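**Q** File follows, work_17.csv with CSV, C-alpha atoms:
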```csv
chain,number,residue,atom,x,y,z
S,1,MET,CA,-21.8,-0.5,-10.2
S,2,SER,CA,-18.1,-0.3,-11.1
S,3,VAL,CA,-14.8,0.3,-9.5
S,4,SER,CA,-11.4,1.4,-10.9
S,5,VAL,CA,-8.0,1.5,-9.2
S,6,GLN,CA,-5.7,3.6,-11.5
S,7,GLU,CA,-2.8,6.0,-11.6
S,8,ALA,CA,-4.6,8.3,-14.1
S,9,ASP,CA,-6.7,11.3,-13.0
S,10,PHE,CA,-10.5,11.4,-13.4
S,11,ASP,CA,-13.2,13.8,-14.5
S,12,SER,CA,-15.9,13.9,-11.8
S,13,GLY,CA,-18.4,15.6,-14.1
S,14,ARG,CA,-18.0,13.0,-16.7
S,15,GLU,CA,-18.3,10.2,-14.2
S,16,ALA,CA,-21.5,11.8,-12.7
S,17,ALA,CA,-23.0,12.1,-16.2
S,18,GLN,CA,-22.3,8.4,-16.9
S,19,LEU,CA,-24.3,7.4,-13.8
S,20,VAL,CA,-27.4,9.2,-15.4
S,21,ALA,CA,-26.8,8.4,-19.1
S,22,GLY,CA,-29.8,6.7,-20.8
S,23,ARG,CA,-32.0,6.6,-17.6
S,24,SER,CA,-35.1,8.5,-16.7
S,25,ASP,CA,-35.5,7.1,-13.1
S,26,VAL,CA,-32.6,9.0,-11.6
S,27,GLY,CA,-33.6,12.0,-9.5
S,28,ALA,CA,-30.4,12.5,-7.6
S,29,VAL,CA,-26.6,12.0,-8.0
S,30,ALA,CA,-24.4,12.5,-5.0
S,31,THR,CA,-20.7,12.7,-5.6
S,32,PHE,CA,-17.6,12.9,-3.3
S,33,VAL,CA,-14.1,13.8,-4.4
S,34,GLY,CA,-11.2,13.4,-1.9
S,35,LEU,CA,-8.0,15.5,-2.5
S,36,VAL,CA,-4.4,15.4,-1.2
S,37,ARG,CA,-4.5,18.0,1.6
S,38,GLY,CA,-1.6,20.3,2.5
S,39,ASP,CA,-1.4,20.8,6.2
S,40,GLY,CA,0.0,24.3,6.4
S,41,ARG,CA,2.7,23.3,8.9
S,42,GLU,CA,6.3,24.5,8.5
S,43,ASP,CA,7.3,20.9,7.6
S,44,ALA,CA,4.3,20.6,5.2
S,45,VAL,CA,3.2,17.7,3.2
S,46,SER,CA,4.2,18.2,-0.5
S,47,ALA,CA,3.1,14.9,-2.0
S,48,MET,CA,2.1,11.4,-1.1
S,49,THR,CA,2.4,7.9,-2.5
S,50,LEU,CA,-0.6,5.5,-2.4
S,51,GLU,CA,0.3,1.8,-2.1
S,52,HIS,CA,-2.4,-0.9,-2.5
S,53,TYR,CA,-3.0,-4.6,-2.6
S,54,PRO,CA,-3.8,-5.4,-6.2
S,55,GLY,CA,-6.6,-7.9,-6.5
S,56,MET,CA,-7.9,-7.4,-2.9
S,57,THR,CA,-8.4,-3.7,-3.5
S,58,GLU,CA,-10.9,-4.3,-6.3
S,59,LYS,CA,-12.6,-7.1,-4.4
S,60,ALA,CA,-13.0,-4.9,-1.3
S,61,LEU,CA,-14.4,-2.0,-3.2
S,62,GLU,CA,-16.9,-4.2,-5.1
S,63,ASP,CA,-18.0,-5.8,-1.9
S,64,ILE,CA,-18.6,-2.3,-0.4
S,65,LEU,CA,-20.7,-1.3,-3.5
S,66,ALA,CA,-22.7,-4.6,-3.1
S,67,GLN,CA,-23.4,-3.8,0.5
S,68,ALA,CA,-24.5,-0.3,-0.4
S,69,ARG,CA,-26.9,-1.6,-3.0
S,70,GLN,CA,-28.4,-4.0,-0.5
S,71,ARG,CA,-28.9,-1.3,2.1
S,72,TRP,CA,-30.4,1.2,-0.4
S,73,PRO,CA,-32.2,-0.9,-3.1
S,74,ALA,CA,-33.4,2.4,-4.8
S,75,VAL,CA,-29.8,3.2,-5.8
S,76,THR,CA,-29.6,2.9,-9.6
S,77,GLY,CA,-25.9,3.1,-10.0
S,78,ALA,CA,-22.6,3.7,-8.1
S,79,ARG,CA,-19.0,4.3,-9.1
S,80,VAL,CA,-15.7,4.3,-7.2
S,81,ILE,CA,-12.4,5.5,-8.6
S,82,HIS,CA,-9.3,5.4,-6.4
S,83,ARG,CA,-5.9,6.6,-7.6
S,84,VAL,CA,-2.6,5.0,-6.6
S,85,GLY,CA,1.0,6.0,-7.1
S,86,ARG,CA,2.5,9.4,-6.4
S,87,LEU,CA,0.2,12.4,-6.0
S,88,ALA,CA,0.9,16.1,-5.3
S,89,VAL,CA,-1.0,18.4,-2.9
S,90,GLY,CA,-4.3,19.4,-4.5
S,91,ASP,CA,-4.5,16.3,-6.7
S,92,GLN,CA,-7.7,14.2,-6.7
S,93,ILE,CA,-7.4,10.8,-4.9
S,94,VAL,CA,-10.8,9.3,-4.8
S,95,PHE,CA,-14.2,9.6,-6.5
S,96,VAL,CA,-17.5,8.2,-5.2
S,97,GLY,CA,-20.7,8.8,-7.2
S,98,VAL,CA,-24.1,7.4,-6.4
S,99,ALA,CA,-27.3,7.8,-8.4
S,100,SER,CA,-30.8,7.2,-7.0
S,101,GLY,CA,-34.4,8.1,-7.4
S,102,HIS,CA,-34.3,10.6,-4.5
S,103,ARG,CA,-31.5,12.5,-2.7
S,104,GLY,CA,-31.7,10.7,0.7
S,105,ASP,CA,-30.5,7.4,-0.6
S,106,ALA,CA,-27.8,9.0,-2.8
S,107,PHE,CA,-26.4,11.0,0.1
S,108,ALA,CA,-26.5,8.1,2.6
S,109,ALA,CA,-25.0,5.5,0.2
S,110,CYS,CA,-22.2,7.9,-0.9
S,111,GLU,CA,-21.2,8.5,2.8
S,112,PHE,CA,-21.5,4.8,3.6
S,113,ILE,CA,-19.2,3.9,0.7
S,114,MET,CA,-16.6,6.4,1.8
S,115,ASP,CA,-16.7,5.4,5.5
S,116,TYR,CA,-16.3,1.7,4.6
S,117,LEU,CA,-13.6,2.5,2.0
S,118,LYS,CA,-11.6,4.3,4.7
S,119,THR,CA,-11.4,1.3,7.0
S,120,ARG,CA,-11.7,-1.8,4.6
S,121,ALA,CA,-10.1,-1.1,1.3
S,122,PRO,CA,-6.3,-1.9,1.4
S,123,PHE,CA,-4.7,1.4,0.5
S,124,TRP,CA,-1.8,3.0,2.4
S,125,LYS,CA,-0.6,6.6,2.2
S,126,LYS,CA,3.1,7.6,2.6
S,127,GLU,CA,3.5,11.4,3.0
S,128,GLU,CA,6.5,13.4,1.8
S,129,ARG,CA,7.7,16.4,3.8
S,130,PRO,CA,10.9,18.3,3.6
S,131,SER,CA,12.1,16.4,6.7
S,132,GLY,CA,11.5,13.0,5.0
S,133,ALA,CA,8.8,10.5,4.1
S,134,SER,CA,6.5,8.7,6.6
S,135,TRP,CA,3.5,6.3,6.6
S,136,VAL,CA,0.2,7.9,7.6
S,137,ASP,CA,-1.3,6.4,10.8
S,138,ALA,CA,-4.8,5.2,10.7
S,139,ARG,CA,-7.3,7.3,12.7
S,140,ASP,CA,-9.7,6.1,15.3
S,141,SER,CA,-12.3,8.5,14.0
S,142,ASP,CA,-12.4,6.6,10.7
S,143,ASP,CA,-13.3,3.4,12.6
S,144,ASP,CA,-16.0,5.3,14.5
S,145,ALA,CA,-17.4,6.6,11.3
S,146,ALA,CA,-17.6,3.1,9.8
S,147,ALA,CA,-19.0,1.6,13.0
S,148,ARG,CA,-22.1,3.9,13.1
S,149,TRP,CA,-23.4,2.1,10.0
S,150,SER,CA,-23.5,-1.3,11.8
S,151,THR,CA,-26.4,-0.5,14.1
H,152,MET,CA,1.4,-27.2,3.5
H,153,LYS,CA,2.7,-24.3,1.4
H,154,VAL,CA,1.4,-20.7,1.9
H,155,ARG,CA,2.2,-17.5,0.0
H,156,ILE,CA,2.8,-14.6,2.4
H,157,LYS,CA,2.5,-10.9,1.5
H,158,TYR,CA,3.5,-7.7,3.3
H,159,PHE,CA,2.4,-4.1,2.6
H,160,ALA,CA,3.3,-0.5,3.4
H,161,ARG,CA,5.2,0.1,6.7
H,162,LEU,CA,5.4,-3.7,7.4
H,163,ARG,CA,6.8,-4.4,3.9
H,164,GLU,CA,9.6,-1.9,4.5
H,165,ALA,CA,10.3,-3.2,8.0
H,166,MET,CA,10.5,-6.8,6.8
H,167,GLY,CA,12.7,-5.8,3.9
H,168,ARG,CA,10.7,-7.8,1.4
H,169,ASP,CA,7.2,-7.8,-0.1
H,170,GLY,CA,6.5,-11.5,0.7
H,171,GLU,CA,7.7,-15.0,0.8
H,172,VAL,CA,6.6,-18.6,0.5
H,173,LEU,CA,6.3,-20.5,3.7
H,174,GLU,CA,6.4,-24.3,4.0
H,175,LEU,CA,4.9,-25.8,7.2
H,176,ALA,CA,4.9,-29.4,8.4
H,177,VAL,CA,1.2,-29.1,9.5
H,178,THR,CA,-1.8,-29.5,7.2
H,179,THR,CA,-3.9,-26.7,8.6
H,180,THR,CA,-3.3,-23.6,10.8
H,181,THR,CA,-4.7,-20.2,11.6
H,182,VAL,CA,-3.6,-16.6,10.8
H,183,ALA,CA,-2.3,-16.4,14.4
H,184,GLY,CA,-0.3,-19.6,13.8
H,185,ILE,CA,1.3,-18.2,10.6
H,186,ARG,CA,2.2,-15.0,12.5
H,187,GLU,CA,3.8,-17.0,15.3
H,188,HIS,CA,5.8,-19.0,12.8
H,189,LEU,CA,7.0,-15.9,11.0
H,190,LEU,CA,7.9,-14.2,14.3
H,191,ALA,CA,10.0,-17.2,15.3
H,192,GLY,CA,11.7,-17.1,11.9
H,193,GLY,CA,13.0,-13.5,12.5
H,194,GLY,CA,10.0,-11.5,11.5
H,195,ALA,CA,10.1,-9.3,14.6
H,196,ALA,CA,8.5,-6.4,12.7
H,197,LEU,CA,5.2,-8.3,12.8
H,198,ALA,CA,5.1,-7.6,16.5
H,199,GLU,CA,6.0,-4.0,16.2
H,200,ILE,CA,3.0,-2.9,14.0
H,201,ARG,CA,0.2,-1.5,16.0
H,202,ASN,CA,-3.2,-3.1,15.2
H,203,LEU,CA,-1.7,-5.5,12.6
H,204,ARG,CA,-4.3,-6.6,10.1
H,205,ALA,CA,-4.5,-9.8,8.0
H,206,ALA,CA,-6.2,-11.1,4.9
H,207,VAL,CA,-6.6,-14.7,3.7
H,208,ASN,CA,-7.1,-15.0,-0.1
H,209,GLN,CA,-7.7,-11.3,-0.3
H,210,THR,CA,-10.5,-11.1,2.3
H,211,MET,CA,-9.8,-9.3,5.6
H,212,VAL,CA,-10.0,-11.8,8.6
H,213,GLY,CA,-9.3,-12.1,12.3
H,214,PRO,CA,-6.4,-14.0,13.9
H,215,ASP,CA,-8.5,-17.2,14.4
H,216,ALA,CA,-9.3,-17.5,10.6
H,217,PRO,CA,-8.2,-20.9,9.2
H,218,VAL,CA,-5.3,-21.2,6.7
H,219,ALA,CA,-5.0,-24.1,4.3
H,220,ASP,CA,-2.5,-25.3,1.8
H,221,GLY,CA,-2.2,-22.9,-1.2
H,222,ASP,CA,-3.7,-19.9,0.6
H,223,GLU,CA,-2.4,-16.4,0.2
H,224,VAL,CA,-2.0,-14.7,3.6
H,225,ALA,CA,-1.3,-11.0,3.8
H,226,PHE,CA,-0.2,-8.9,6.8
H,227,PHE,CA,-0.4,-5.1,6.8
H,228,PRO,CA,-1.0,-2.0,9.1
H,229,PRO,CA,-4.5,-0.5,9.3
H,230,VAL,CA,-5.5,0.9,6.0
H,231,THR,CA,-5.3,4.7,5.2
H,232,GLY,CA,-6.9,5.2,1.8
H,233,GLY,CA,-9.6,7.6,0.7
```
Please re-express this file's structure in structure tokens.

**A**
Amino acid sequence: MSVSVQEADFDSGREAAQLVAGRSDVGAVATFVGLVRGDGREDAVSAMTLEHYPGMTEKALEDILAQARQRWPAVTGARVIHRVGRLAVGDQIVFVGVASGHRGDAFAACEFIMDYLKTRAPFWKKEERPSGASWVDARDSDDDAAARWST
Amino acid sequence: MKVRIKYFARLREAMGRDGEVLELAVTTTTVAGIREHLLAGGGAALAEIRNLRAAVNQTMVGPDAPVADGDEVAFFPPVTGG
């Protein structure tokens, strides 16, 4: 279980391999990679800057991983990497990897971690377009996605 | 009591600073109390952010959460990471 908040890019294959290294009880690794999406509009996003709250960010991510481990005790390892700073369209932003004995727990825990990260980890995106820079508004659908885990 | 205030993202830009140190005559208050104090002191931007969020000592909390001497209180818009 570990989290990193960093400017540097990451290698998702290497991160997935590290979740398995030296173990024989892992039957599944689910990974998610989030990218900076261009939106195809005339005034299209060209880049974005990720701001965060140093200290709280790491605490929030560690808390989310602890909750995932509690919900899915069969999870053998989990890793979150979130980048900060300026990123271009197509760049990787976030990595979530979960290893488990079977695929069900790995898929579910991976999705849970992303849904909670979206609403609880203190990151903010500022988009750059030819017309200027603007802060991204939070989406209600992200709150809905996180809320479905609380039943 | 003395409290360290932090602002992030859109709110940081609107306030024109990333934080401040607040000295209050009371010995205990709440997040809502801190917000009222900052609003009265010229922090109008705090009222303009939709769904303003807060954290005390780096844990997300609601407006009724207690604040004590030495605490770090952060205000920010809803998060948009991932």

**Q** Using all atoms listed in the file, find the one residue out of H:Arg204, H:Arg186, H:Arg168, H:Lys153 that sits nearest to chain S.

**A**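 Distance minimum relative to chain S lands on H:Arg204.
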
**Q** Chain S residues within 10 Å of chain H, counting only C-alpha atoms: which ones, as JSON, numbers by chain?

**A** {"S": [33, 34, 35, 36, 50, 51, 52, 53, 54, 55, 56, 57, 58, 59, 60, 81, 82, 83, 84, 93, 94, 95, 96, 114, 115, 116, 117, 118, 119, 120, 121, 122, 123, 124, 125, 126, 134, 135, 136, 137, 138, 139, 142]}

**Q** Do you know which residues are at most 10 Å from Leu162 (chain H) counting all atoms listed in the file, after dropping those on the same chain fewer than 6 positions away, and could you put them as a list in words?

**A**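 Near neighbours after the sequence-gap exclusion: Arg168, Asp169, Gly194, Ala196, Leu197, Ala198, Glu199, Ile200, Leu203, Phe226, Phe227 and Pro228 of chain H.
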
**Q** Report, in Å to a single decimal, how far apart CA of Ile113 (chain S) and CA of Val45 (chain S) are.

**A**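 It comes out at 26.4 Å.
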
**Q** Could you jot down the CA of Ala195 (chain H) to CA of Ala219 (chain H) separation for me, Å, one decimal place?

**A**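 Pair CA of Ala195 (chain H) / CA of Ala219 (chain H) returns 23.5 Å.
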
**Q** Please determine the residues with any atom at most 10 Å from (2.3, 19.7, 0.2) (coordinates as given in the file, with all atoms listed in the file counting) and report them as a list in words.

**A**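 Neighbouring residues, ordered by chain and number, come to Val36, Arg37, Gly38, Asp39, Gly40, Arg41, Asp43, Ala44, Val45, Ser46, Ala47, Met48, Leu87, Ala88, Val89, Gly90, Glu127, Glu128, Arg129 and Pro130 of chain S.
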
**Q** Please produce a file of the residues just selected, as an mmCIF file, in the frame of the given file, where the atoms kept are C-alpha atoms.

**A**
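To be explicit, this is the file written out as part_39.cif:
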```cif
data_model
loop_
_atom_site.group_PDB
_atom_site.id
_atom_site.type_symbol
_atom_site.label_atom_id
_atom_site.label_comp_id
_atom_site.auth_asym_id
_atom_site.auth_seq_id
_atom_site.Cartn_x
_atom_site.Cartn_y
_atom_site.Cartn_z
ATOM 1 C CA VAL S 36 -4.400 15.400 -1.200
ATOM 2 C CA ARG S 37 -4.500 18.000 1.600
ATOM 3 C CA GLY S 38 -1.600 20.300 2.500
ATOM 4 C CA ASP S 39 -1.400 20.800 6.200
ATOM 5 C CA GLY S 40 0.000 24.300 6.400
ATOM 6 C CA ARG S 41 2.700 23.300 8.900
ATOM 7 C CA ASP S 43 7.300 20.900 7.600
ATOM 8 C CA ALA S 44 4.300 20.600 5.200
ATOM 9 C CA VAL S 45 3.200 17.700 3.200
ATOM 10 C CA SER S 46 4.200 18.200 -0.500
ATOM 11 C CA ALA S 47 3.100 14.900 -2.000
ATOM 12 C CA MET S 48 2.100 11.400 -1.100
ATOM 13 C CA LEU S 87 0.200 12.400 -6.000
ATOM 14 C CA ALA S 88 0.900 16.100 -5.300
ATOM 15 C CA VAL S 89 -1.000 18.400 -2.900
ATOM 16 C CA GLY S 90 -4.300 19.400 -4.500
ATOM 17 C CA GLU S 127 3.500 11.400 3.000
ATOM 18 C CA GLU S 128 6.500 13.400 1.800
ATOM 19 C CA ARG S 129 7.700 16.400 3.800
ATOM 20 C CA PRO S 130 10.900 18.300 3.600
#
```

**Q** Could you name the residues that touch Asp25 (chain S) at 7 Å or less, counting all atoms listed in the file, but leaving out those on the same chain fewer than 2 positions away, as number ranges by chain?

**A** S: 23, 27, 101

**Q** Between CA of Ala17 (chain S) and CA of Trp149 (chain S), what is the distance, to one decimal in Å?

**A**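 Separation between CA of Ala17 (chain S) and CA of Trp149 (chain S): 28.0 Å.
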
**Q** With only C-alpha atoms as the basis for distance, which of S:Leu19, S:Val80, S:Ala133, S:Val98 is at the shortest distance from Gln6 (chain S)?

**A**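 Answer, going by the shortest atom-to-atom distance: S:Val80.
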
**Q** Measuring between all atoms listed in the file, which one of S:Ile64, S:Met1, S:Ala16, S:Ala145 shows the shortest distance to Thr76 (chain S)?

**A**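 Checking each of S:Ile64, S:Met1, S:Ala16, S:Ala145 against Thr76 (chain S), counting all atoms listed in the file, the winner is S:Met1.
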
**Q** Using all atoms listed in the file for the distances, tell me which of S:Pro73, S:Gly85, S:Gly132, S:Gly104 is nearest to Ala30 (chain S).

**A** S:Gly104

**Q** Taking into account all atoms listed in the file, which residue in the set H:Ala165, H:Val154, H:Leu173, H:Leu189 is nearest to Val218 (chain H)?

**A**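 For Val218 (chain H), the nearest of the given residues is H:Val154.
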
**Q** Using only C-alpha atoms, find the one residue out of H:Arg163, H:Thr178, H:Leu190, H:Ala205 that sits nearest to Val224 (chain H).

**A** H:Ala205
